[in-house]
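The block underneath contains the structure these notes are about, expressed in structure tokens.
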Amino acid sequence: MKQILKTVWQMDRRNFLLILLLNIGVALTSSISIVLLIPMLDLLEVSIGDSGALGILLQPFAGMNYLERAVAIIAVFIVLMLLRALLNSFATVRQNAYLERYEMGMRKDVYQAIGSASWETLSERSGAELIQLISLQCRQARFCLQWTIGLIASAFSALLQLVIALWMSLPVTIMALVVGASFLFLFRPFLKKSKEYGQKAVEVNRELHRETQNQLSSIKEIRAYGAEDHHRKLFAQISQKYYDISLRTTQLRVIPQLCYSVAAAVLIGIAFVFSVLILDTGTAQLMVLVYIFSRLWPVFSSWQGQLQNIQAYVPAYETVQASICDLTKGQREPQSRDGSVNFTQQITFDKVGFTYKSGSEEVLKDLCFTLPRGSVTALVGPSGAGKSTTADLLLGLLQPTEGRILVDDVALDSQNLGAWRKRIGYIPQEPLILNATIRENLLRFHPEAGEEEMISALKRSLAWPFIEKLPNGLDTVLGDNGVRLSGGERQRIVLARVLMGDPSLIILDEATSALDYESENFIRQTIRSLREDTTVLIIAHRMATIRGADRAIVLLNGRIEEQGSLQELLQKQDSYLTKMVSVE
């Protein structure tokens, strides 16, 4: 809780103090209204007892007749109640706005951390985990703060009511304090248990999100294999875990509340007998004491509940903070996205090596090759050879652990990486199609493009003919992963997206491996038509895909095994390309 308060204090101490002052104002007006019960009861000629201190409350009304006193007391009481209602309303609005800003700020921090995280760190986390972090964990962290503020506010309220109770009867109040403090001490183990349940809830929520994403993304295969019952059982098991942990948390909260309720009834009864038989407390004083304790005692109960709620939500807060720290640790994202990178000659891999942080062996070792401006180069090799890692380095998603990547003799680094990415087009094996309109699928990546640019790019990628036939043209919603389109049509939209950026370098990462011959041939011809102004790197397994390339680089076990012109490598006996041809 200390870390939460520290975060809040550093974030917006002015509003935090204002909220506390407003809650203190609510508690103060409420406490004063309780004290007014004494002159009200005296007005009804109910005995207030022998306490001289209570007589002070009657002094402002001395010399008034019955009607004047009644009007004055009622007027003060009404004013206090109105003031309390106004303060309470204002405090509620301010507190809710404060909590919403806190949650929004935390979401922004998480989103920014995700956006600036190194690709290596980001790839270690699932999409479901990151979505859960932004949506659920930030909301639960907000609840943690909400209960913390509530605990502080109720502490001030209890303090004021305690002062009044001590004024009314010191022995009875001390007895209540001793019993209340004892209960808080006895129920300390419940706080530890609440945090344990909170941690389990974080884990179960993560598991639920992960399984939900897995099942929704594979629903076609699940039905195709007739495995619905198995997946239904898996989902039911995780849902049962979620139910169990929620039920245990609720039970943990109910037990102290039950004990406090029973203790409240017993304590009020004892206090009543003790006050009447031993202390000879006046009727008015006794009535006020009973009223105060009927309000003060639930504060002890609420403290227990608030502390347990805070402990239950602390793991969510800690998870968010730890995730932000982990995502931003060692980030090497571009510091600037402005400026430009001149690319008029070639891209050079100068003794580039790469090792993942989580691994001990080098994935790439001593890579030395060039990509001349306007050339088409094929990068081939078996699975696990390091082809996709090479592409990620060229995209700037990963940074070399050894050597340099040069663009016209200028090394890529965090200062120019943002500008370099603007000059790259990337077409992955699985085309990225958002569940949105065609227009949005293009504008998401080129927000300043006009409609003419979109249509021109779609025509160049030969996507326009089938788009014209769609019900709403550019405003047709494509469904999840572009389910309404064929594989070739999806790749043509992705190609149009690439062409809109007028890239200097295009990387095709197995982009045509799942396409039919006609679609693959079209993509190849389109790329060939760009070669005068655009450098192309094709990562492929099939010879048919790279036939139009000028050069080829063969990777084996993270090293360059062969490189040269396509014709030279095809003429070499036992070369990797020769084996590719023989296999096809």
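Chains: A, B, ... in order of the structure tokens. Residues: from 1 per chain. Ligands: from 1, in order shown.
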
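For range 533-546 of chain A, the list of residues within 6 Å, based on only C-alpha atoms and with local chain neighbours fewer than 2 positions off taken out, reads Arg373, Gly374, Ser375, Val376, Thr377, Ala378, Leu379, Val380, Ser504, Leu505, Ile506, Ile507, Leu508, Asp509, Glu510, Leu530, Arg531, Gly548 and Ala549 of chain A.
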
Name all residues at most 7 Å from range 23-31 of chain A (count only C-alpha atoms; drop same-chain ones fewer than 3 positions away) and give them as an MDAnalysis selection string. chainID A and resid 19:20 34:35 80 84 87:88 91 153 156:157 160:161

Taking N, CA, C and O atoms for each residue, export the selection above as a tab-separated table (two decimals), in the first residue's frame.
```
chain	number	residue	atom	x	y	z
A	19	ILE	N	-9.32	15.69	-2.58
A	19	ILE	CA	-10.29	14.61	-2.33
A	19	ILE	C	-10.32	14.27	-0.84
A	19	ILE	O	-11.39	14.07	-0.25
A	20	LEU	N	-9.15	14.20	-0.22
A	20	LEU	CA	-9.10	13.91	1.22
A	20	LEU	C	-9.78	15.02	2.03
A	20	LEU	O	-10.53	14.73	2.97
A	34	ILE	N	-24.41	14.98	14.37
A	34	ILE	CA	-24.65	14.03	15.46
A	34	ILE	C	-24.70	14.78	16.80
A	34	ILE	O	-25.56	14.54	17.65
A	35	VAL	N	-23.75	15.70	16.99
A	35	VAL	CA	-23.69	16.47	18.24
A	35	VAL	C	-24.97	17.28	18.45
A	35	VAL	O	-25.41	17.49	19.58
A	80	LEU	N	-26.37	21.97	7.78
A	80	LEU	CA	-25.30	20.96	7.85
A	80	LEU	C	-25.55	19.80	6.90
A	80	LEU	O	-24.64	19.31	6.22
A	84	ARG	N	-23.28	18.82	3.84
A	84	ARG	CA	-22.74	17.46	3.75
A	84	ARG	C	-23.07	16.83	2.40
A	84	ARG	O	-22.23	16.19	1.78
A	87	LEU	N	-20.91	18.53	-0.31
A	87	LEU	CA	-19.52	18.08	-0.20
A	87	LEU	C	-19.37	16.65	-0.67
A	87	LEU	O	-18.41	16.28	-1.37
A	88	ASN	N	-20.33	15.82	-0.28
A	88	ASN	CA	-20.29	14.40	-0.66
A	88	ASN	C	-20.42	14.23	-2.17
A	88	ASN	O	-19.71	13.43	-2.79
A	91	ALA	N	-17.22	15.50	-3.74
A	91	ALA	CA	-16.14	14.54	-3.47
A	91	ALA	C	-16.28	13.30	-4.34
A	91	ALA	O	-15.28	12.78	-4.87
A	153	ALA	N	-10.13	8.01	4.01
A	153	ALA	CA	-11.28	8.87	4.29
A	153	ALA	C	-12.07	8.37	5.50
A	153	ALA	O	-12.48	9.15	6.37
A	156	PHE	N	-10.41	9.26	8.82
A	156	PHE	CA	-10.70	10.61	9.30
A	156	PHE	C	-12.10	10.70	9.89
A	156	PHE	O	-12.33	11.33	10.93
A	157	SER	N	-13.05	10.07	9.22
A	157	SER	CA	-14.43	10.07	9.72
A	157	SER	C	-14.51	9.40	11.08
A	157	SER	O	-15.15	9.90	12.01
A	160	LEU	N	-13.06	11.64	13.93
A	160	LEU	CA	-13.97	12.69	14.40
A	160	LEU	C	-15.08	12.11	15.28
A	160	LEU	O	-15.42	12.67	16.33
A	161	GLN	N	-15.65	10.99	14.86
A	161	GLN	CA	-16.71	10.37	15.66
A	161	GLN	C	-16.16	9.83	16.97
A	161	GLN	O	-16.85	9.81	17.99
```

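If you measure from each of A:Phe187, A:Tyr225, A:Phe445, A:Phe235 to Trp303 in chain A using only C-alpha atoms, the closest one turns out to be A:Phe187.
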
Residues within 7 Å of range 487-493 of chain A, please, as a ChimeraX atom specification. Count only C-alpha atoms; anything in the same chain fewer than 2 positions from it doesn't count. /A:431,458,461-463,482,485,495-497,515,519

Preceding selection exported with N, CA and C atoms as a CSV table (one decimal), in the first residue's frame:
```
chain,number,residue,atom,x,y,z
A,431,PRO,N,-0.9,-12.6,-44.1
A,431,PRO,CA,-1.2,-11.2,-44.3
A,431,PRO,C,-2.0,-10.6,-43.1
A,458,LEU,N,-4.3,0.3,-55.0
A,458,LEU,CA,-5.1,-0.9,-55.2
A,458,LEU,C,-5.1,-1.4,-56.6
A,461,SER,N,-1.8,-3.1,-57.4
A,461,SER,CA,-1.7,-4.4,-56.8
A,461,SER,C,-2.8,-5.4,-57.4
A,462,LEU,N,-3.5,-4.9,-58.3
A,462,LEU,CA,-4.6,-5.6,-59.0
A,462,LEU,C,-5.7,-6.1,-58.0
A,463,ALA,N,-5.8,-5.3,-56.9
A,463,ALA,CA,-6.9,-5.6,-55.9
A,463,ALA,C,-8.2,-4.8,-56.3
A,482,GLY,N,-9.8,-11.0,-42.4
A,482,GLY,CA,-10.2,-10.9,-43.8
A,482,GLY,C,-10.8,-12.2,-44.3
A,485,LEU,N,-12.2,-12.8,-47.8
A,485,LEU,CA,-11.3,-12.8,-49.0
A,485,LEU,C,-10.5,-14.1,-49.1
A,495,LEU,N,-0.2,-5.8,-50.3
A,495,LEU,CA,0.7,-5.3,-51.3
A,495,LEU,C,0.4,-3.8,-51.6
A,496,ALA,N,-0.9,-3.5,-51.7
A,496,ALA,CA,-1.4,-2.1,-51.9
A,496,ALA,C,-1.0,-1.2,-50.7
A,497,ARG,N,-1.1,-1.8,-49.5
A,497,ARG,CA,-0.7,-1.0,-48.3
A,497,ARG,C,0.8,-0.7,-48.4
A,515,LEU,N,0.2,-19.2,-51.5
A,515,LEU,CA,-0.7,-18.8,-52.6
A,515,LEU,C,-0.7,-19.8,-53.8
A,519,SER,N,-1.6,-16.4,-58.3
A,519,SER,CA,-1.4,-15.3,-57.4
A,519,SER,C,0.0,-15.0,-57.1
```

So which residues touch range 209-213 of chain A within 8 Å, counting only C-alpha atoms, skipping near sequence neighbours fewer than 4 positions away, as a ChimeraX atom specification? /A:126,128-129,132,205,217,235

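Across the structure, CA of Gly403 in chain A and CA of Cys368 in chain A are spaced 9.4 Å apart.
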
I need the residues in range 407-557 of chain A that are strand (DSSP E or B) according to DSSP; give them as a count of residues only. 25

Give me the residues within 10 Å of Leu566 in chain A as a PyMOL selection string, counting only C-alpha atoms and dropping any in the same chain fewer than 2 places off. chain A and resi 377-378+546-553+563-564+568-571+577

Filtering to N, CA, C and O atoms, could you give me those residues as an mmCIF file, in the first residue's frame?
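Output (result_20.cif):
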```cif
data_model
loop_
_atom_site.group_PDB
_atom_site.id
_atom_site.type_symbol
_atom_site.label_atom_id
_atom_site.label_comp_id
_atom_site.auth_asym_id
_atom_site.auth_seq_id
_atom_site.Cartn_x
_atom_site.Cartn_y
_atom_site.Cartn_z
ATOM 1 N N THR A 377 17.020 -9.697 -54.286
ATOM 2 C CA THR A 377 17.876 -10.712 -53.673
ATOM 3 C C THR A 377 17.010 -11.752 -52.979
ATOM 4 O O THR A 377 16.063 -11.402 -52.261
ATOM 5 N N ALA A 378 17.342 -13.018 -53.190
ATOM 6 C CA ALA A 378 16.631 -14.115 -52.527
ATOM 7 C C ALA A 378 17.448 -14.577 -51.325
ATOM 8 O O ALA A 378 18.668 -14.780 -51.427
ATOM 9 N N ILE A 546 11.665 -17.482 -56.362
ATOM 10 C CA ILE A 546 12.852 -16.627 -56.468
ATOM 11 C C ILE A 546 13.436 -16.590 -57.882
ATOM 12 O O ILE A 546 14.524 -16.048 -58.090
ATOM 13 N N ARG A 547 12.723 -17.135 -58.848
ATOM 14 C CA ARG A 547 13.283 -17.213 -60.204
ATOM 15 C C ARG A 547 13.601 -15.841 -60.786
ATOM 16 O O ARG A 547 14.499 -15.700 -61.613
ATOM 17 N N GLY A 548 12.916 -14.809 -60.389
ATOM 18 C CA GLY A 548 13.173 -13.478 -60.926
ATOM 19 C C GLY A 548 14.239 -12.711 -60.181
ATOM 20 O O GLY A 548 14.507 -11.545 -60.504
ATOM 21 N N ALA A 549 14.877 -13.336 -59.186
ATOM 22 C CA ALA A 549 15.883 -12.639 -58.379
ATOM 23 C C ALA A 549 17.193 -12.482 -59.135
ATOM 24 O O ALA A 549 17.538 -13.284 -59.999
ATOM 25 N N ASP A 550 17.931 -11.418 -58.801
ATOM 26 C CA ASP A 550 19.266 -11.211 -59.378
ATOM 27 C C ASP A 550 20.295 -12.061 -58.650
ATOM 28 O O ASP A 550 21.173 -12.657 -59.261
ATOM 29 N N ARG A 551 20.176 -12.074 -57.318
ATOM 30 C CA ARG A 551 21.181 -12.736 -56.505
ATOM 31 C C ARG A 551 20.490 -13.617 -55.479
ATOM 32 O O ARG A 551 19.300 -13.468 -55.205
ATOM 33 N N ALA A 552 21.278 -14.499 -54.874
ATOM 34 C CA ALA A 552 20.757 -15.364 -53.816
ATOM 35 C C ALA A 552 21.793 -15.483 -52.708
ATOM 36 O O ALA A 552 22.998 -15.490 -52.954
ATOM 37 N N ILE A 553 21.289 -15.566 -51.476
ATOM 38 C CA ILE A 553 22.130 -15.781 -50.301
ATOM 39 C C ILE A 553 21.590 -17.011 -49.593
ATOM 40 O O ILE A 553 20.386 -17.085 -49.300
ATOM 41 N N GLN A 563 26.668 -17.421 -51.662
ATOM 42 C CA GLN A 563 26.021 -16.228 -52.176
ATOM 43 C C GLN A 563 26.606 -15.895 -53.542
ATOM 44 O O GLN A 563 27.760 -16.221 -53.836
ATOM 45 N N GLY A 564 25.803 -15.253 -54.356
ATOM 46 C CA GLY A 564 26.220 -14.910 -55.708
ATOM 47 C C GLY A 564 25.008 -14.734 -56.590
ATOM 48 O O GLY A 564 23.860 -14.723 -56.115
ATOM 49 N N GLU A 568 24.895 -18.280 -61.313
ATOM 50 C CA GLU A 568 26.135 -18.897 -60.834
ATOM 51 C C GLU A 568 25.850 -20.022 -59.843
ATOM 52 O O GLU A 568 26.438 -21.108 -59.927
ATOM 53 N N LEU A 569 24.957 -19.776 -58.930
ATOM 54 C CA LEU A 569 24.658 -20.779 -57.908
ATOM 55 C C LEU A 569 23.920 -21.976 -58.489
ATOM 56 O O LEU A 569 24.085 -23.106 -58.007
ATOM 57 N N LEU A 570 23.087 -21.713 -59.501
ATOM 58 C CA LEU A 570 22.367 -22.830 -60.143
ATOM 59 C C LEU A 570 23.305 -23.716 -60.953
ATOM 60 O O LEU A 570 23.036 -24.910 -61.167
ATOM 61 N N GLN A 571 24.388 -23.149 -61.447
ATOM 62 C CA GLN A 571 25.330 -23.925 -62.249
ATOM 63 C C GLN A 571 26.311 -24.729 -61.398
ATOM 64 O O GLN A 571 26.965 -25.647 -61.885
ATOM 65 N N LEU A 577 20.774 -24.272 -54.122
ATOM 66 C CA LEU A 577 19.755 -23.955 -55.123
ATOM 67 C C LEU A 577 19.551 -25.122 -56.083
ATOM 68 O O LEU A 577 18.423 -25.393 -56.523
#
```

I'd like the neighbourhood of Leu442 in chain A as a tab-separated table (two decimals) with all heavy atoms, in the first residue's frame, where a residue qualifies if any of its atoms comes within 12 Å (using only C-alpha atoms), though same-chain residues fewer than 4 positions away should be ignored.
```tsv
chain	number	residue	atom	x	y	z
A	432	LEU	N	-1.68	-9.42	-42.70
A	432	LEU	CA	-2.40	-8.77	-41.61
A	432	LEU	C	-3.60	-8.02	-42.17
A	432	LEU	O	-3.46	-7.01	-42.85
A	432	LEU	CB	-1.47	-7.79	-40.88
A	432	LEU	CG	-2.16	-6.91	-39.83
A	432	LEU	CD1	-2.73	-7.77	-38.70
A	432	LEU	CD2	-1.20	-5.88	-39.27
A	433	ILE	N	-4.79	-8.54	-41.89
A	433	ILE	CA	-6.04	-7.88	-42.27
A	433	ILE	C	-6.84	-7.64	-41.01
A	433	ILE	O	-7.19	-8.58	-40.29
A	433	ILE	CB	-6.85	-8.75	-43.26
A	433	ILE	CG1	-6.04	-9.03	-44.53
A	433	ILE	CG2	-8.17	-8.06	-43.59
A	433	ILE	CD1	-5.74	-7.81	-45.37
A	434	LEU	N	-7.13	-6.37	-40.74
A	434	LEU	CA	-7.90	-6.02	-39.55
A	434	LEU	C	-9.38	-6.28	-39.79
A	434	LEU	O	-9.87	-6.24	-40.93
A	434	LEU	CB	-7.70	-4.54	-39.21
A	434	LEU	CG	-6.26	-4.07	-39.02
A	434	LEU	CD1	-6.23	-2.56	-38.82
A	434	LEU	CD2	-5.60	-4.78	-37.85
A	436	ALA	N	-12.01	-4.71	-40.11
A	436	ALA	CA	-12.45	-3.34	-40.38
A	436	ALA	C	-12.66	-3.20	-41.88
A	436	ALA	O	-12.57	-4.18	-42.63
A	436	ALA	CB	-11.40	-2.35	-39.88
A	437	THR	N	-12.95	-2.00	-42.34
A	437	THR	CA	-13.16	-1.78	-43.76
A	437	THR	C	-11.82	-1.80	-44.49
A	437	THR	O	-10.75	-1.68	-43.88
A	437	THR	CB	-13.83	-0.42	-44.01
A	437	THR	OG1	-12.94	0.62	-43.56
A	437	THR	CG2	-15.16	-0.32	-43.26
A	438	ILE	N	-11.89	-1.93	-45.81
A	438	ILE	CA	-10.67	-1.88	-46.63
A	438	ILE	C	-10.00	-0.52	-46.45
A	438	ILE	O	-8.77	-0.43	-46.32
A	438	ILE	CB	-11.00	-2.13	-48.11
A	438	ILE	CG1	-11.56	-3.54	-48.29
A	438	ILE	CG2	-9.77	-1.93	-48.99
A	438	ILE	CD1	-12.09	-3.82	-49.67
A	446	HIS	N	-1.21	4.35	-43.18
A	446	HIS	CA	-0.88	5.57	-43.93
A	446	HIS	C	-2.00	6.59	-43.69
A	446	HIS	O	-2.80	6.86	-44.59
A	446	HIS	CB	-0.74	5.26	-45.42
A	446	HIS	CG	0.27	4.21	-45.73
A	446	HIS	ND1	1.64	4.46	-45.70
A	446	HIS	CD2	0.13	2.91	-46.06
A	446	HIS	CE1	2.28	3.34	-46.01
A	446	HIS	NE2	1.40	2.39	-46.22
A	447	PRO	N	-2.07	7.13	-42.47
A	447	PRO	CA	-3.21	7.97	-42.08
A	447	PRO	C	-3.39	9.25	-42.90
A	447	PRO	O	-4.49	9.81	-42.92
A	447	PRO	CB	-2.91	8.31	-40.60
A	447	PRO	CG	-1.45	8.06	-40.43
A	447	PRO	CD	-1.10	6.99	-41.38
A	448	GLU	N	-2.36	9.71	-43.57
A	448	GLU	CA	-2.46	10.96	-44.32
A	448	GLU	C	-2.78	10.74	-45.80
A	448	GLU	O	-2.88	11.71	-46.56
A	448	GLU	CB	-1.15	11.75	-44.19
A	448	GLU	CG	-0.85	12.16	-42.74
A	448	GLU	CD	0.47	12.90	-42.62
A	448	GLU	OE1	1.14	13.08	-43.66
A	448	GLU	OE2	0.83	13.28	-41.49
A	449	ALA	N	-2.94	9.50	-46.20
A	449	ALA	CA	-3.18	9.20	-47.62
A	449	ALA	C	-4.60	9.61	-48.02
A	449	ALA	O	-5.55	9.52	-47.24
A	449	ALA	CB	-2.98	7.72	-47.89
A	450	GLY	N	-4.73	10.07	-49.27
A	450	GLY	CA	-6.04	10.43	-49.80
A	450	GLY	C	-6.65	9.25	-50.55
A	450	GLY	O	-6.00	8.22	-50.78
A	451	GLU	N	-7.90	9.42	-50.97
A	451	GLU	CA	-8.60	8.32	-51.64
A	451	GLU	C	-7.95	7.98	-52.99
A	451	GLU	O	-7.89	6.81	-53.36
A	451	GLU	CB	-10.08	8.68	-51.84
A	451	GLU	CG	-10.89	7.52	-52.38
A	451	GLU	CD	-12.35	7.60	-51.97
A	451	GLU	OE1	-12.66	8.31	-50.99
A	451	GLU	OE2	-13.17	6.95	-52.61
A	453	GLU	N	-4.80	8.13	-53.74
A	453	GLU	CA	-3.61	7.31	-53.46
A	453	GLU	C	-4.00	5.88	-53.18
A	453	GLU	O	-3.35	4.93	-53.64
A	453	GLU	CB	-2.86	7.87	-52.26
A	453	GLU	CG	-2.06	9.13	-52.52
A	453	GLU	CD	-1.30	9.56	-51.28
A	453	GLU	OE1	-0.30	8.90	-50.95
A	453	GLU	OE2	-1.73	10.53	-50.63
A	454	MET	N	-5.08	5.70	-52.41
A	454	MET	CA	-5.53	4.35	-52.08
A	454	MET	C	-5.93	3.59	-53.34
A	454	MET	O	-5.51	2.45	-53.57
A	454	MET	CB	-6.72	4.41	-51.11
A	454	MET	CG	-6.33	4.71	-49.68
A	454	MET	SD	-7.73	4.51	-48.54
A	454	MET	CE	-8.67	5.98	-48.92
A	455	ILE	N	-6.75	4.23	-54.16
A	455	ILE	CA	-7.24	3.57	-55.37
A	455	ILE	C	-6.09	3.27	-56.32
A	455	ILE	O	-6.03	2.18	-56.93
A	455	ILE	CB	-8.32	4.44	-56.06
A	455	ILE	CG1	-9.56	4.54	-55.16
A	455	ILE	CG2	-8.69	3.85	-57.42
A	455	ILE	CD1	-10.62	5.48	-55.68
A	457	ALA	N	-2.94	2.65	-55.53
A	457	ALA	CA	-2.18	1.51	-55.00
A	457	ALA	C	-2.94	0.21	-55.18
A	457	ALA	O	-2.36	-0.83	-55.51
A	457	ALA	CB	-1.87	1.74	-53.53
A	458	LEU	N	-4.26	0.27	-55.00
A	458	LEU	CA	-5.08	-0.94	-55.17
A	458	LEU	C	-5.10	-1.39	-56.63
A	458	LEU	O	-5.15	-2.59	-56.93
A	458	LEU	CB	-6.51	-0.67	-54.67
A	458	LEU	CG	-6.65	-0.54	-53.15
A	458	LEU	CD1	-8.02	0.03	-52.79
A	458	LEU	CD2	-6.45	-1.88	-52.47
A	474	LEU	N	-14.74	0.32	-50.95
A	474	LEU	CA	-13.69	0.56	-49.94
A	474	LEU	C	-14.22	0.48	-48.51
A	474	LEU	O	-13.45	0.27	-47.57
A	474	LEU	CB	-13.06	1.94	-50.16
A	474	LEU	CG	-12.09	2.08	-51.33
A	474	LEU	CD1	-11.70	3.54	-51.50
A	474	LEU	CD2	-10.85	1.22	-51.10
A	475	ASP	N	-15.52	0.64	-48.35
A	475	ASP	CA	-16.10	0.63	-47.01
A	475	ASP	C	-16.69	-0.73	-46.63
A	475	ASP	O	-17.49	-0.84	-45.70
A	475	ASP	CB	-17.17	1.71	-46.90
A	475	ASP	CG	-16.58	3.11	-47.06
A	475	ASP	OD1	-15.57	3.38	-46.38
A	475	ASP	OD2	-17.10	3.89	-47.87
A	492	ARG	N	-2.97	-9.13	-51.88
A	492	ARG	CA	-3.00	-7.98	-52.78
A	492	ARG	C	-3.33	-6.69	-52.02
A	492	ARG	O	-2.82	-5.62	-52.35
A	492	ARG	CB	-4.01	-8.22	-53.90
A	492	ARG	CG	-3.56	-9.33	-54.84
A	492	ARG	CD	-4.52	-9.55	-55.98
A	492	ARG	NE	-4.13	-10.75	-56.74
A	492	ARG	CZ	-4.59	-11.06	-57.95
A	492	ARG	NH1	-5.45	-10.25	-58.54
A	492	ARG	NH2	-4.21	-12.16	-58.55
A	493	ILE	N	-4.19	-6.82	-51.00
A	493	ILE	CA	-4.49	-5.64	-50.17
A	493	ILE	C	-3.25	-5.24	-49.37
A	493	ILE	O	-2.93	-4.05	-49.23
A	493	ILE	CB	-5.70	-5.92	-49.25
A	493	ILE	CG1	-6.98	-5.96	-50.09
A	493	ILE	CG2	-5.81	-4.85	-48.16
A	493	ILE	CD1	-8.23	-6.25	-49.31
A	494	VAL	N	-2.54	-6.25	-48.85
A	494	VAL	CA	-1.30	-5.97	-48.12
A	494	VAL	C	-0.27	-5.34	-49.04
A	494	VAL	O	0.44	-4.39	-48.66
A	494	VAL	CB	-0.74	-7.27	-47.48
A	494	VAL	CG1	0.63	-7.00	-46.86
A	494	VAL	CG2	-1.69	-7.80	-46.43
A	495	LEU	N	-0.20	-5.83	-50.28
A	495	LEU	CA	0.74	-5.26	-51.25
A	495	LEU	C	0.37	-3.81	-51.56
A	495	LEU	O	1.25	-2.93	-51.66
A	495	LEU	CB	0.74	-6.09	-52.54
A	495	LEU	CG	1.66	-5.60	-53.66
A	495	LEU	CD1	3.11	-5.53	-53.19
A	495	LEU	CD2	1.54	-6.52	-54.88
A	496	ALA	N	-0.92	-3.52	-51.67
A	496	ALA	CA	-1.37	-2.14	-51.90
A	496	ALA	C	-0.96	-1.25	-50.72
A	496	ALA	O	-0.53	-0.10	-50.90
A	496	ALA	CB	-2.89	-2.10	-52.07
A	497	ARG	N	-1.09	-1.78	-49.52
A	497	ARG	CA	-0.68	-1.04	-48.32
A	497	ARG	C	0.82	-0.71	-48.39
A	497	ARG	O	1.24	0.40	-48.04
A	497	ARG	CB	-0.98	-1.89	-47.09
A	497	ARG	CG	-0.64	-1.25	-45.78
A	497	ARG	CD	-0.72	-2.27	-44.67
A	497	ARG	NE	-2.06	-2.79	-44.50
A	497	ARG	CZ	-2.36	-3.96	-43.96
A	497	ARG	NH1	-1.39	-4.76	-43.56
A	497	ARG	NH2	-3.61	-4.35	-43.84
A	498	VAL	N	1.62	-1.67	-48.86
A	498	VAL	CA	3.06	-1.45	-49.00
A	498	VAL	C	3.34	-0.39	-50.05
A	498	VAL	O	4.15	0.53	-49.85
A	498	VAL	CB	3.77	-2.77	-49.35
A	498	VAL	CG1	5.20	-2.51	-49.80
A	498	VAL	CG2	3.75	-3.72	-48.16
A	499	LEU	N	2.67	-0.49	-51.19
A	499	LEU	CA	2.92	0.44	-52.30
A	499	LEU	C	2.54	1.87	-51.94
A	499	LEU	O	3.13	2.82	-52.46
A	499	LEU	CB	2.15	-0.01	-53.54
A	499	LEU	CG	2.57	-1.37	-54.13
A	499	LEU	CD1	1.68	-1.74	-55.30
A	499	LEU	CD2	4.03	-1.35	-54.54
A	500	MET	N	1.56	2.05	-51.06
A	500	MET	CA	1.14	3.40	-50.65
A	500	MET	C	2.28	4.13	-49.94
A	500	MET	O	2.33	5.36	-49.95
A	500	MET	CB	-0.08	3.32	-49.72
A	500	MET	CG	-1.38	3.04	-50.46
A	500	MET	SD	-2.76	2.81	-49.31
A	500	MET	CE	-2.85	4.44	-48.57
A	501	GLY	N	3.20	3.39	-49.33
A	501	GLY	CA	4.31	4.02	-48.62
A	501	GLY	C	5.48	4.36	-49.50
A	501	GLY	O	6.46	4.93	-49.03
```

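Of the listed residues (A:Tyr197, A:Phe143, A:Tyr426, A:Phe185), A:Tyr426 comes nearest to Asp502 in chain A; the distances count only C-alpha atoms.
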
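Each of A:Leu247, A:Ala75, A:Val204, A:Leu67 was compared to Ala316 in chain A using only C-alpha atoms, and A:Val204 turns out to be the nearest.
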
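One finds CA of Phe354 in chain A at 4.9 Å from CA of Thr401 in chain A.
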